[in-house]
$ cat entry29.cif   # mmCIF, C-alpha atoms and all ligand atoms
data_entry
#
loop_
_atom_site.label_atom_id
_atom_site.label_comp_id
_atom_site.auth_asym_id
_atom_site.auth_seq_id
_atom_site.Cartn_x
_atom_site.Cartn_y
_atom_site.Cartn_z
CA MET A 20 -67.96 47.54 -25.07
CA SER A 21 -67.73 43.87 -26.01
CA ASN A 22 -68.01 44.79 -29.71
CA ILE A 23 -64.72 46.76 -29.73
CA LYS A 24 -61.21 45.30 -29.87
CA GLY A 25 -59.29 48.56 -29.77
CA LEU A 26 -57.94 51.44 -31.86
CA LYS A 27 -55.49 51.15 -34.74
CA CYS A 28 -53.37 53.86 -36.37
CA ILE A 29 -54.30 54.37 -40.00
CA SER A 30 -50.72 55.39 -40.88
CA CYS A 31 -48.36 53.06 -38.97
CA GLY A 32 -50.71 50.29 -37.78
CA GLN A 33 -49.90 50.71 -34.07
CA GLU A 34 -52.71 49.25 -31.95
CA TYR A 35 -54.12 50.67 -28.73
CA GLU A 36 -56.60 49.56 -26.10
CA VAL A 37 -59.55 51.88 -25.64
CA GLU A 38 -58.90 53.79 -22.43
CA GLY A 39 -60.60 57.12 -21.94
CA MET A 40 -60.28 59.48 -24.90
CA GLN A 41 -57.39 59.05 -27.30
CA TYR A 42 -57.33 61.19 -30.43
CA ILE A 43 -54.27 60.31 -32.51
CA CYS A 44 -51.42 57.81 -32.65
CA GLU A 45 -48.79 58.44 -29.96
CA LYS A 46 -46.09 57.03 -32.22
CA CYS A 47 -46.64 58.85 -35.51
CA GLY A 48 -49.51 61.33 -35.06
CA GLY A 49 -51.72 59.45 -37.54
CA ASN A 50 -55.49 59.22 -37.19
CA LEU A 51 -56.99 56.27 -35.36
CA ASP A 52 -59.55 53.75 -36.52
CA VAL A 53 -61.91 51.80 -34.25
CA VAL A 54 -61.42 48.02 -34.57
CA TYR A 55 -64.48 45.83 -34.02
CA ASP A 56 -64.94 42.21 -33.05
CA TYR A 57 -66.93 41.34 -36.16
CA GLY A 58 -67.43 37.69 -35.20
CA GLU A 59 -69.18 38.70 -32.02
CA ILE A 60 -71.32 41.33 -33.79
CA ALA A 61 -72.31 38.97 -36.63
CA SER A 62 -73.95 36.63 -34.13
CA ARG A 63 -76.43 39.38 -33.21
CA LEU A 64 -76.74 41.67 -36.23
CA THR A 65 -78.42 39.93 -39.16
CA ARG A 66 -80.72 40.90 -42.03
CA GLU A 67 -83.54 39.29 -40.02
CA SER A 68 -82.76 41.22 -36.82
CA LEU A 69 -82.67 44.47 -38.81
CA ALA A 70 -85.93 43.67 -40.60
CA LYS A 71 -87.63 43.41 -37.19
CA ASP A 72 -86.07 46.63 -35.87
CA THR A 73 -88.49 49.57 -35.89
CA ASP A 74 -85.85 52.20 -35.01
CA TYR A 75 -85.26 53.93 -38.34
CA SER A 76 -82.26 56.10 -37.45
CA VAL A 77 -78.49 55.79 -37.06
CA TRP A 78 -79.13 53.96 -33.79
CA ARG A 79 -80.49 50.85 -35.52
CA TYR A 80 -76.82 49.98 -36.12
CA TRP A 81 -75.90 50.20 -32.44
CA ASP A 82 -73.95 46.91 -32.59
CA LEU A 83 -71.53 48.53 -35.05
CA LEU A 84 -71.09 51.73 -33.04
CA PRO A 85 -68.36 52.37 -30.44
CA LEU A 86 -70.78 53.27 -27.65
CA SER A 87 -71.98 51.64 -24.45
CA ASP A 88 -74.65 53.92 -22.98
CA ARG A 89 -77.93 54.34 -24.82
CA SER A 90 -79.17 56.89 -22.29
CA ASN A 91 -77.29 59.67 -24.13
CA ILE A 92 -79.11 59.22 -27.44
CA MET A 93 -80.61 62.47 -28.73
CA PRO A 94 -84.40 62.74 -29.07
CA LEU A 95 -84.08 63.71 -32.75
CA GLN A 96 -84.43 61.87 -36.07
CA ILE A 97 -80.81 61.37 -37.12
CA GLY A 98 -80.04 59.34 -40.22
CA TRP A 99 -82.31 57.00 -42.23
CA THR A 100 -82.56 59.84 -44.72
CA PRO A 101 -84.38 59.25 -48.02
CA LEU A 102 -82.63 57.42 -50.85
CA TYR A 103 -84.47 58.62 -53.94
CA ARG A 104 -84.43 56.96 -57.35
CA ALA A 105 -83.67 59.93 -59.62
CA LYS A 106 -85.33 58.83 -62.87
CA ARG A 107 -85.21 62.20 -64.59
CA LEU A 108 -81.51 62.53 -63.88
CA GLU A 109 -81.00 58.94 -65.05
CA GLN A 110 -82.53 59.97 -68.38
CA LYS A 111 -80.44 63.12 -68.60
CA LEU A 112 -77.24 61.21 -67.91
CA GLY A 113 -78.12 58.03 -69.81
CA LEU A 114 -77.76 55.91 -66.70
CA LYS A 115 -79.82 52.81 -65.85
CA SER A 116 -79.85 53.37 -62.11
CA LEU A 117 -79.15 56.49 -60.07
CA HIS A 118 -80.10 57.08 -56.44
CA MET A 119 -79.60 60.29 -54.49
CA LYS A 120 -79.13 60.08 -50.71
CA ASP A 121 -80.59 63.28 -49.29
CA ASP A 122 -78.69 63.96 -46.10
CA GLY A 123 -79.84 67.55 -46.06
CA ARG A 124 -82.88 66.04 -44.35
CA ASN A 125 -81.01 65.53 -41.07
CA PRO A 126 -82.00 67.68 -38.03
CA SER A 127 -79.40 70.40 -38.61
CA GLY A 128 -79.59 70.06 -42.40
CA SER A 129 -76.40 68.16 -43.11
CA PHE A 130 -74.62 64.81 -43.15
CA LYS A 131 -72.59 65.99 -40.14
CA ASP A 132 -75.38 64.98 -37.77
CA ARG A 133 -74.24 61.39 -38.24
CA ALA A 134 -70.79 62.26 -36.88
CA SER A 135 -72.04 64.55 -34.13
CA SER A 136 -74.51 61.96 -32.83
CA VAL A 137 -71.75 59.44 -32.10
CA ALA A 138 -69.16 62.01 -30.99
CA ILE A 139 -71.50 63.69 -28.50
CA CYS A 140 -72.57 60.33 -27.05
CA LYS A 141 -68.91 59.43 -26.63
CA ALA A 142 -68.15 62.73 -24.87
CA LEU A 143 -71.04 62.14 -22.46
CA GLU A 144 -70.02 58.54 -21.77
CA LEU A 145 -66.56 59.80 -20.86
CA ASP A 146 -68.06 62.54 -18.69
CA PHE A 147 -66.53 65.53 -20.46
CA LYS A 148 -67.94 68.82 -19.18
CA VAL A 149 -67.30 70.85 -22.35
CA ILE A 150 -67.61 69.74 -25.97
CA ALA A 151 -65.74 71.89 -28.49
CA GLY A 152 -65.19 71.81 -32.22
CA ALA A 153 -63.92 73.76 -35.19
CA SER A 154 -65.81 73.62 -38.43
CA THR A 155 -66.44 75.24 -41.77
CA GLY A 156 -70.00 75.49 -40.44
CA ASN A 157 -71.91 72.24 -40.74
CA ALA A 158 -70.10 70.14 -38.14
CA ALA A 159 -70.52 73.05 -35.75
CA SER A 160 -74.19 73.70 -36.41
CA SER A 161 -74.77 69.98 -36.11
CA THR A 162 -72.99 69.78 -32.74
CA ALA A 163 -74.99 72.79 -31.56
CA CYS A 164 -78.32 71.34 -32.74
CA LEU A 165 -77.84 67.85 -31.33
CA GLY A 166 -76.31 69.29 -28.17
CA ALA A 167 -79.32 71.58 -27.68
CA SER A 168 -81.65 68.57 -27.78
CA LEU A 169 -79.83 67.29 -24.67
CA GLY A 170 -79.46 70.68 -22.96
CA ILE A 171 -75.75 70.92 -23.86
CA SER A 172 -74.16 74.09 -25.19
CA PRO A 173 -70.89 73.38 -27.05
CA THR A 174 -68.03 75.80 -27.68
CA ILE A 175 -67.49 76.37 -31.38
CA PHE A 176 -64.75 77.90 -33.53
CA VAL A 177 -65.71 78.87 -37.08
CA PRO A 178 -63.87 80.88 -39.71
CA ALA A 179 -65.24 84.43 -39.71
CA ALA A 180 -66.34 83.93 -43.34
CA ALA A 181 -68.69 80.99 -42.57
CA PRO A 182 -72.10 81.40 -44.31
CA GLU A 183 -74.64 83.40 -42.32
CA ALA A 184 -77.22 80.61 -42.06
CA LYS A 185 -74.73 78.24 -40.46
CA VAL A 186 -73.65 80.88 -37.93
CA ALA A 187 -77.33 81.69 -37.29
CA GLN A 188 -77.93 78.01 -36.50
CA LEU A 189 -75.08 78.03 -33.99
CA LEU A 190 -76.42 81.07 -32.19
CA VAL A 191 -80.04 79.92 -32.28
CA PHE A 192 -79.12 76.58 -30.71
CA GLY A 193 -77.26 78.40 -27.94
CA ALA A 194 -73.65 77.45 -28.65
CA THR A 195 -70.80 79.66 -27.49
CA VAL A 196 -69.42 80.81 -30.83
CA TYR A 197 -65.98 82.19 -31.63
CA ALA A 198 -65.64 83.60 -35.16
CA VAL A 199 -61.93 83.19 -35.86
CA SER A 200 -60.36 85.73 -38.21
CA GLY A 201 -58.67 83.09 -40.30
CA THR A 202 -59.29 79.97 -42.32
CA TYR A 203 -61.00 76.75 -41.29
CA ASP A 204 -57.55 75.21 -40.89
CA GLU A 205 -56.51 77.92 -38.45
CA ALA A 206 -59.74 77.53 -36.48
CA PHE A 207 -59.12 73.76 -36.39
CA ASP A 208 -55.61 74.13 -34.95
CA LEU A 209 -56.76 76.72 -32.43
CA CYS A 210 -59.56 74.46 -31.22
CA THR A 211 -57.14 71.54 -30.82
CA GLU A 212 -54.77 73.70 -28.78
CA ILE A 213 -57.56 75.03 -26.57
CA CYS A 214 -59.07 71.58 -25.95
CA ALA A 215 -55.67 70.24 -24.86
CA GLU A 216 -55.14 73.23 -22.57
CA TYR A 217 -58.61 73.16 -20.94
CA GLY A 218 -59.24 69.40 -21.00
CA TRP A 219 -62.29 69.73 -23.27
CA PHE A 220 -63.69 67.10 -25.63
CA ASN A 221 -62.42 67.87 -29.13
CA ARG A 222 -64.97 66.92 -31.79
CA ASN A 223 -62.76 68.07 -34.67
CA THR A 224 -63.39 66.09 -37.85
CA GLY A 225 -60.88 63.32 -38.47
CA TYR A 226 -58.77 64.16 -35.42
CA ASN A 227 -61.52 62.62 -33.30
CA PRO A 228 -61.70 58.90 -34.22
CA TYR A 229 -65.43 58.72 -33.49
CA THR A 230 -66.68 61.09 -36.20
CA ARG A 231 -65.89 58.47 -38.87
CA GLU A 232 -67.93 55.93 -36.91
CA GLY A 233 -71.04 58.06 -37.17
CA LYS A 234 -70.48 58.84 -40.83
CA LYS A 235 -70.25 55.19 -41.82
CA THR A 236 -73.94 54.70 -40.98
CA VAL A 237 -74.81 56.18 -44.39
CA SER A 238 -73.43 53.05 -46.09
CA PHE A 239 -75.45 50.79 -43.82
CA GLU A 240 -78.58 52.69 -44.85
CA ILE A 241 -77.75 52.68 -48.56
CA CYS A 242 -77.37 48.89 -48.57
CA GLU A 243 -80.47 48.29 -46.51
CA GLN A 244 -82.58 50.76 -48.49
CA LEU A 245 -81.48 49.05 -51.72
CA GLY A 246 -82.61 45.69 -50.33
CA TRP A 247 -78.97 44.70 -49.71
CA ASP A 248 -78.17 45.13 -53.41
CA VAL A 249 -74.79 46.86 -53.14
CA PRO A 250 -74.35 49.73 -55.63
CA ASP A 251 -71.45 49.65 -58.10
CA THR A 252 -70.31 53.23 -57.62
CA VAL A 253 -70.76 55.77 -54.83
CA LEU A 254 -69.80 59.44 -55.36
CA VAL A 255 -68.82 61.46 -52.32
CA PRO A 256 -67.93 65.16 -51.90
CA VAL A 257 -64.59 65.52 -50.11
CA GLY A 258 -63.20 68.19 -47.82
CA ASP A 259 -61.31 66.70 -44.87
CA GLY A 260 -61.93 63.24 -46.31
CA ASN A 261 -63.74 61.98 -43.23
CA ILE A 262 -67.08 61.31 -44.95
CA ILE A 263 -65.47 59.20 -47.64
CA SER A 264 -63.31 57.26 -45.20
CA GLY A 265 -66.48 56.68 -43.16
CA VAL A 266 -68.45 55.58 -46.21
CA TRP A 267 -65.75 52.99 -46.94
CA LYS A 268 -65.64 51.82 -43.32
CA GLY A 269 -69.39 51.32 -43.43
CA PHE A 270 -69.31 49.08 -46.48
CA LYS A 271 -66.36 47.13 -45.10
CA ASP A 272 -68.13 46.66 -41.74
CA LEU A 273 -71.17 45.20 -43.50
CA LYS A 274 -69.01 42.80 -45.47
CA ALA A 275 -67.09 41.79 -42.34
CA VAL A 276 -70.30 40.82 -40.54
CA GLY A 277 -71.62 39.00 -43.61
CA LEU A 278 -74.50 41.37 -44.43
CA ILE A 279 -73.15 42.05 -47.95
CA ASP A 280 -70.77 40.09 -50.14
CA ARG A 281 -69.14 42.76 -52.31
CA LEU A 282 -68.02 46.37 -52.13
CA PRO A 283 -68.62 49.40 -54.36
CA ARG A 284 -65.97 51.65 -55.85
CA LEU A 285 -65.80 55.10 -54.34
CA ILE A 286 -65.32 58.34 -56.25
CA ALA A 287 -63.88 61.31 -54.35
CA VAL A 288 -65.16 64.57 -55.82
CA GLN A 289 -63.52 67.92 -55.03
CA SER A 290 -63.53 71.43 -56.42
CA ASP A 291 -60.45 72.26 -58.47
CA LYS A 292 -60.07 75.10 -55.96
CA SER A 293 -59.76 72.69 -53.00
CA SER A 294 -58.13 69.65 -54.47
CA ALA A 295 -55.72 68.17 -51.91
CA VAL A 296 -57.22 64.66 -51.72
CA VAL A 297 -57.84 64.26 -55.46
CA ASP A 298 -54.35 65.63 -56.20
CA ALA A 299 -52.97 62.89 -53.97
CA LEU A 300 -55.15 60.24 -55.62
CA LEU A 301 -54.13 61.24 -59.12
CA GLY A 302 -50.50 61.82 -58.06
CA ASP A 303 -48.19 59.99 -55.68
CA GLY A 304 -50.76 59.29 -52.94
CA LYS A 305 -49.32 61.86 -50.51
CA VAL A 306 -51.71 64.51 -49.18
CA ARG A 307 -50.13 67.97 -49.26
CA THR A 308 -51.33 71.34 -48.00
CA ILE A 309 -52.82 73.60 -50.67
CA GLU A 310 -54.54 76.98 -50.56
CA ALA A 311 -58.26 76.29 -50.84
CA THR A 312 -60.58 78.98 -52.21
CA THR A 313 -63.69 77.15 -53.45
CA VAL A 314 -67.18 78.64 -53.22
CA ALA A 315 -68.27 75.32 -51.70
CA ASP A 316 -67.33 76.46 -48.19
CA SER A 317 -67.94 73.07 -46.54
CA ILE A 318 -65.23 71.44 -48.61
CA SER A 319 -62.80 74.36 -48.62
CA VAL A 320 -59.88 72.74 -46.83
CA ASP A 321 -56.13 73.48 -47.06
CA LEU A 322 -54.96 70.34 -45.27
CA PRO A 323 -57.53 67.50 -45.20
CA ARG A 324 -57.55 66.17 -41.64
CA ASP A 325 -58.54 62.66 -42.65
CA GLY A 326 -56.75 62.80 -45.99
CA ASP A 327 -54.62 59.68 -45.55
CA ALA A 328 -57.63 57.58 -44.63
CA ALA A 329 -59.55 59.05 -47.58
CA VAL A 330 -56.82 58.19 -50.08
CA LYS A 331 -56.51 54.69 -48.63
CA ALA A 332 -60.27 54.17 -48.82
CA VAL A 333 -60.59 55.24 -52.45
CA LYS A 334 -57.58 53.15 -53.50
CA GLU A 335 -58.80 50.05 -51.65
CA SER A 336 -62.16 50.43 -53.39
CA ASN A 337 -60.49 50.61 -56.83
CA GLY A 338 -62.05 54.04 -57.15
CA THR A 339 -60.65 57.35 -58.23
CA GLY A 340 -60.86 61.09 -57.71
CA ILE A 341 -62.27 63.81 -59.93
CA LEU A 342 -62.09 67.60 -59.86
CA VAL A 343 -64.93 69.88 -60.90
CA SER A 344 -65.00 73.63 -61.36
CA ASP A 345 -66.87 75.95 -59.02
CA GLU A 346 -69.05 76.96 -61.98
CA LYS A 347 -70.05 73.34 -62.47
CA ILE A 348 -70.79 72.99 -58.74
CA LEU A 349 -73.07 76.03 -58.75
CA GLN A 350 -74.78 74.83 -61.92
CA SER A 351 -75.36 71.47 -60.24
CA ILE A 352 -77.44 73.20 -57.56
CA LEU A 353 -79.99 73.89 -60.30
CA THR A 354 -79.66 70.51 -62.01
CA VAL A 355 -80.22 68.54 -58.81
CA ALA A 356 -83.02 70.83 -57.67
CA ARG A 357 -84.85 70.79 -61.02
CA GLY A 358 -84.04 67.18 -61.88
CA ALA A 359 -84.69 65.54 -58.53
CA GLY A 360 -86.43 68.07 -56.28
CA ILE A 361 -83.50 68.23 -53.87
CA PHE A 362 -82.01 71.60 -52.91
CA GLY A 363 -78.37 71.12 -51.95
CA GLU A 364 -75.74 73.56 -50.79
CA PRO A 365 -72.66 73.84 -53.05
CA ALA A 366 -70.71 71.06 -51.28
CA GLY A 367 -73.93 69.08 -51.13
CA VAL A 368 -74.22 68.83 -54.92
CA THR A 369 -70.51 68.44 -55.63
CA ALA A 370 -70.76 64.65 -55.91
CA TYR A 371 -73.43 65.10 -58.58
CA ALA A 372 -71.17 67.56 -60.44
CA GLY A 373 -68.51 64.84 -60.44
CA LEU A 374 -70.99 62.29 -61.76
CA GLU A 375 -71.96 64.54 -64.66
CA LYS A 376 -68.31 65.07 -65.55
CA MET A 377 -67.52 61.35 -65.37
CA ARG A 378 -70.46 60.58 -67.64
CA GLU A 379 -69.17 63.18 -70.10
CA GLU A 380 -65.75 61.56 -69.97
CA GLY A 381 -67.22 58.06 -70.22
CA THR A 382 -65.59 56.90 -66.97
CA ILE A 383 -68.90 55.74 -65.49
CA GLY A 384 -70.69 53.17 -67.64
CA ASP A 385 -74.40 53.17 -68.63
CA ASP A 386 -75.11 50.05 -66.61
CA GLU A 387 -73.39 51.05 -63.39
CA ARG A 388 -75.75 51.35 -60.45
CA VAL A 389 -74.78 54.69 -58.98
CA VAL A 390 -75.44 56.37 -55.64
CA CYS A 391 -74.72 60.06 -55.21
CA LEU A 392 -74.55 61.64 -51.76
CA VAL A 393 -76.22 65.01 -51.26
CA THR A 394 -74.61 66.10 -48.02
CA GLY A 395 -76.02 69.50 -47.12
CA ASN A 396 -79.26 71.45 -47.48
CA GLY A 397 -79.39 74.35 -49.94
CA LEU A 398 -80.98 76.70 -47.41
CA LYS A 399 -77.62 76.77 -45.61
CA ASP A 400 -76.13 78.98 -48.30
CA VAL A 401 -78.76 80.81 -50.30
CA LYS A 402 -76.26 83.42 -51.47
CA SER A 403 -74.51 80.84 -53.66
CA ALA A 404 -77.82 79.48 -54.95
CA ILE A 405 -79.10 82.92 -55.87
CA LYS A 406 -75.96 83.52 -57.95
CA VAL A 407 -77.21 80.90 -60.43
CA ALA A 408 -80.95 80.72 -59.84
CA GLY A 409 -81.86 83.98 -61.60
CA GLU A 410 -84.26 86.71 -60.57
CA PRO A 411 -88.04 86.77 -60.09
CA VAL A 412 -90.13 88.83 -62.54
CA SER A 413 -90.99 92.18 -60.90
CA ILE A 414 -94.58 93.31 -61.42
CA GLN A 415 -97.05 95.80 -59.90
CA PRO A 416 -100.04 94.38 -57.97
CA THR A 417 -102.32 94.83 -61.01
CA LEU A 418 -103.64 92.57 -63.77
CA ALA A 419 -102.35 95.07 -66.32
CA SER A 420 -98.82 94.79 -65.04
CA PHE A 421 -99.03 90.96 -65.15
CA GLN A 422 -100.38 91.10 -68.71
CA GLU A 423 -97.62 93.43 -69.72
CA SER A 424 -95.23 90.68 -68.74
CA VAL A 425 -97.03 87.58 -70.16
CA GLY A 426 -99.47 89.00 -72.69
CA PRO A 427 -103.30 88.75 -72.71
CA ALA A 428 -105.14 85.61 -71.49
C1 LIG B 501 -72.21 69.54 -46.89
C2 LIG B 501 -70.89 68.88 -46.75
N1 LIG B 501 -70.46 68.10 -47.76
C3 LIG B 501 -69.26 67.51 -47.72
C4 LIG B 501 -68.40 67.69 -46.65
C5 LIG B 501 -67.06 67.02 -46.70
O1 LIG B 501 -66.85 66.11 -45.65
P1 LIG B 501 -65.38 65.79 -45.18
O2 LIG B 501 -64.81 67.09 -44.68
O3 LIG B 501 -65.52 64.77 -44.13
O4 LIG B 501 -64.64 65.30 -46.39
C6 LIG B 501 -68.79 68.49 -45.60
C7 LIG B 501 -67.89 68.75 -44.47
O5 LIG B 501 -68.00 69.74 -43.77
C8 LIG B 501 -70.07 69.10 -45.64
O6 LIG B 501 -70.50 69.88 -44.63
ZN ZN B 502 -49.16 55.70 -36.03
#
$ encode --input "entry29.cif" --output "structure tokens"
Amino acid sequence: MSNIKGLKCISCGQEYEVEGMQYICEKCGGNLDVVYDYGEIASRLTRESLAKDTDYSVWRYWDLLPLSDRSNIMPLQIGWTPLYRAKRLEQKLGLKSLHMKDDGRNPSGSFKDRASSVAICKALELDFKVIAGASTGNAASSTACLGASLGISPTIFVPAAAPEAKVAQLLVFGATVYAVSGTYDEAFDLCTEICAEYGWFNRNTGYNPYTREGKKTVSFEICEQLGWDVPDTVLVPVGDGNIISGVWKGFKDLKAVGLIDRLPRLIAVQSDKSSAVVDALLGDGKVRTIEATTVADSISVDLPRDGDAAVKAVKESNGTGILVSDEKILQSILTVARGAGIFGEPAGVTAYAGLEKMREEGTIGDDERVVCLVTGNGLKDVKSAIKVAGEPVSIQPTLASFQESVGPA
């Protein structure tokens, strides 16, 4: 991989050469970041080369990915999800420019397909026989879906309370599924222990340095879809903090290769019932374990596994963090659905909930050009949606019964 210089620890800065699979820093246990040779990449990857590229997926950014073998690419449409101008929500919020990035349109219905695409390719390049992962649900269903497209059946550990639809996806795609009686954090640690013991590829979010590399592709797309006009503010829902650290990496990559000349500020949005990263951002910068209980299962995390990188990313961007209530998150399912035609799962609309709160507080200005990530499809958790969506009107199959409800014609 001539585009890669090595790996660097996010916490202590120790550098490593890429040799086989390395997960974390041997010195301090910190997460690792892939370091690119931007000079070399900039000579090939230009606005002109991208304009000529007809591959509208995450793979159009191959030069900025840590992979060497294109033969492992999945035959699915991953990435290049729609970036909608949300005019009705602009009006509601009094904003001049708001775009929603609908990542629920990925093959397994969530943003996680970006991470899984790169992680699975890496596992295959390194000839791993088993791919395993722990997940609140989406990373797992994504690994199962993308794996199935290549005839691979991963081994998955999910908390027993994971939403039914996500578990259904896992089983439908043929993964071997272990429902762990415990939290996501316990499933995560168990998976890490088992992978070390059996020599399996561990796809766990944050712990695996390649998930961030897939996630960063969303920033490439945002810039390209906006005609290289970098937004001012990007709101991101945060659980482990790996999406937001990836979003930041993506913008920084583009600047490093000269495709953009400025960077946005990032806003980390969490539920006040799963607040570890925002607590750190608003406090002393240290990420501490909390007891997460939010209804937004995908971002219910006790100890964010890419928390340090997330805090660093938000701070570097001159951004901030904001907490929203679970009630506000559930209400945002309706607002985003009715205001933009996008049905998001609770975590999926959490960034929007943060935007609404920041507009109320006046911490996002009228003229800011805002992008809001919608990270997961609403069909993944209909139970939560039904809590706020109301009930249909029950009638008999007769005109009289209908008229009883609405009155005469
Ligand atoms: C729909 C959705 N939104 C947001 C997130 C948060 O991403 P991260 O855990 O990388 O912060 C996840 C993670 O599972 C997710 O599935
Ligand atoms: Zn280190």
$ atom_distance --input "entry29.cif" --atom1 "atom C1 of ligand LIG 501 (chain B)" --atom2 "atom CA of Asp316 of chain A"
8.6 Å
$ atom_distance --input "entry29.cif" --atom1 "atom CA of Asp121 of chain A" --atom2 "atom CA of Lys399 of chain A"
14.3 Å
$ residues_near_ligand --input "entry29.cif" --ligand "ligand ZN 502 (chain B)" --cutoff "6 Å" --atoms "only C-alpha atoms and all ligand atoms" --output "ChimeraX atom specification"
/A:28,30-33,44,46-49
$ write_last_selection --input "entry29.cif" --atoms "C-alpha atoms" --output "CSV table (one decimal), keeping the file's coordinate frame"
chain,number,residue,atom,x,y,z
A,28,CYS,CA,-53.4,53.9,-36.4
A,30,SER,CA,-50.7,55.4,-40.9
A,31,CYS,CA,-48.4,53.1,-39.0
A,32,GLY,CA,-50.7,50.3,-37.8
A,33,GLN,CA,-49.9,50.7,-34.1
A,44,CYS,CA,-51.4,57.8,-32.6
A,46,LYS,CA,-46.1,57.0,-32.2
A,47,CYS,CA,-46.6,58.8,-35.5
A,48,GLY,CA,-49.5,61.3,-35.1
A,49,GLY,CA,-51.7,59.4,-37.5
$ closest_residue --input "entry29.cif" --among "A:Pro283, A:Gly367, A:Gly265, A:Gly193" --to "Val330 of chain A" --atoms "only C-alpha atoms"
A:Gly265
$ residues_near_ligand --input "entry29.cif" --ligand "ligand LIG 501 (chain B)" --cutoff "8 Å" --atoms "only C-alpha atoms and all ligand atoms" --output "PDB file with C-alpha atoms, keeping the file's coordinate frame"
ATOM      1  CA  GLY A 123     -79.840  67.550 -46.060  1.00  0.00           C
ATOM      2  CA  SER A 129     -76.400  68.160 -43.110  1.00  0.00           C
ATOM      3  CA  PHE A 130     -74.620  64.810 -43.150  1.00  0.00           C
ATOM      4  CA  LYS A 131     -72.590  65.990 -40.140  1.00  0.00           C
ATOM      5  CA  SER A 154     -65.810  73.620 -38.430  1.00  0.00           C
ATOM      6  CA  THR A 155     -66.440  75.240 -41.770  1.00  0.00           C
ATOM      7  CA  GLY A 156     -70.000  75.490 -40.440  1.00  0.00           C
ATOM      8  CA  ASN A 157     -71.910  72.240 -40.740  1.00  0.00           C
ATOM      9  CA  ALA A 158     -70.100  70.140 -38.140  1.00  0.00           C
ATOM     10  CA  THR A 224     -63.390  66.090 -37.850  1.00  0.00           C
ATOM     11  CA  GLY A 225     -60.880  63.320 -38.470  1.00  0.00           C
ATOM     12  CA  VAL A 255     -68.820  61.460 -52.320  1.00  0.00           C
ATOM     13  CA  PRO A 256     -67.930  65.160 -51.900  1.00  0.00           C
ATOM     14  CA  VAL A 257     -64.590  65.520 -50.110  1.00  0.00           C
ATOM     15  CA  GLY A 258     -63.200  68.190 -47.820  1.00  0.00           C
ATOM     16  CA  ASP A 259     -61.310  66.700 -44.870  1.00  0.00           C
ATOM     17  CA  GLY A 260     -61.930  63.240 -46.310  1.00  0.00           C
ATOM     18  CA  ASN A 261     -63.740  61.980 -43.230  1.00  0.00           C
ATOM     19  CA  ILE A 262     -67.080  61.310 -44.950  1.00  0.00           C
ATOM     20  CA  ILE A 263     -65.470  59.200 -47.640  1.00  0.00           C
ATOM     21  CA  SER A 264     -63.310  57.260 -45.200  1.00  0.00           C
ATOM     22  CA  SER A 317     -67.940  73.070 -46.540  1.00  0.00           C
ATOM     23  CA  ILE A 318     -65.230  71.440 -48.610  1.00  0.00           C
ATOM     24  CA  VAL A 320     -59.880  72.740 -46.830  1.00  0.00           C
ATOM     25  CA  PRO A 323     -57.530  67.500 -45.200  1.00  0.00           C
ATOM     26  CA  ARG A 324     -57.550  66.170 -41.640  1.00  0.00           C
ATOM     27  CA  ASP A 325     -58.540  62.660 -42.650  1.00  0.00           C
ATOM     28  CA  GLU A 364     -75.740  73.560 -50.790  1.00  0.00           C
ATOM     29  CA  PRO A 365     -72.660  73.840 -53.050  1.00  0.00           C
ATOM     30  CA  ALA A 366     -70.710  71.060 -51.280  1.00  0.00           C
ATOM     31  CA  GLY A 367     -73.930  69.080 -51.130  1.00  0.00           C
ATOM     32  CA  THR A 369     -70.510  68.440 -55.630  1.00  0.00           C
ATOM     33  CA  VAL A 393     -76.220  65.010 -51.260  1.00  0.00           C
ATOM     34  CA  THR A 394     -74.610  66.100 -48.020  1.00  0.00           C
ATOM     35  CA  GLY A 395     -76.020  69.500 -47.120  1.00  0.00           C
ATOM     36  CA  ASN A 396     -79.260  71.450 -47.480  1.00  0.00           C
TER      37      ASN A 396
END
$ atom_distance --input "entry29.cif" --atom1 "atom CA of Phe192 of chain A" --atom2 "atom CA of Leu169 of chain A"
11.1 Å
$ closest_residue --input "entry29.cif" --among "A:Val37, A:Tyr103, A:Gly269, A:Leu112" --to "Glu380 of chain A" --atoms "all atoms listed in the file"
A:Leu112
$ closest_residue --input "entry29.cif" --among "A:Phe421, A:Trp267, A:Tyr42, A:Trp99" --to "Asn223 of chain A" --atoms "all atoms listed in the file"
A:Tyr42
$ closest_residue --input "entry29.cif" --among "A:Val137, A:Gly218, A:Leu300, A:Ile405" --to "Val149 of chain A" --atoms "all atoms listed in the file"
A:Gly218
$ closest_residue --input "entry29.cif" --among "A:Thr382, A:Thr65, A:Thr313, A:Ser424" --to "Leu349 of chain A" --atoms "all atoms listed in the file"
A:Thr313
$ closest_residue --input "entry29.cif" --among "A:Ile92, A:Ile29, A:Leu273, A:Leu84" --to "Arg66 of chain A" --atoms "only C-alpha atoms"
A:Leu273
$ residues_around --input "entry29.cif" --residues "Ser403 of chain A" --least-positions-apart "5" --cutoff "10 Å" --atoms "all atoms listed in the file" --output "mmCIF file with C-alpha atoms, keeping the file's coordinate frame"
data_model
loop_
_atom_site.group_PDB
_atom_site.id
_atom_site.type_symbol
_atom_site.label_atom_id
_atom_site.label_comp_id
_atom_site.auth_asym_id
_atom_site.auth_seq_id
_atom_site.Cartn_x
_atom_site.Cartn_y
_atom_site.Cartn_z
ATOM 1 C CA PRO A 182 -72.100 81.400 -44.310
ATOM 2 C CA VAL A 314 -67.180 78.640 -53.220
ATOM 3 C CA ALA A 315 -68.270 75.320 -51.700
ATOM 4 C CA LEU A 349 -73.070 76.030 -58.750
ATOM 5 C CA ILE A 352 -77.440 73.200 -57.560
ATOM 6 C CA GLU A 364 -75.740 73.560 -50.790
ATOM 7 C CA PRO A 365 -72.660 73.840 -53.050
ATOM 8 C CA GLY A 397 -79.390 74.350 -49.940
ATOM 9 C CA LEU A 398 -80.980 76.700 -47.410
ATOM 10 C CA ALA A 408 -80.950 80.720 -59.840
#
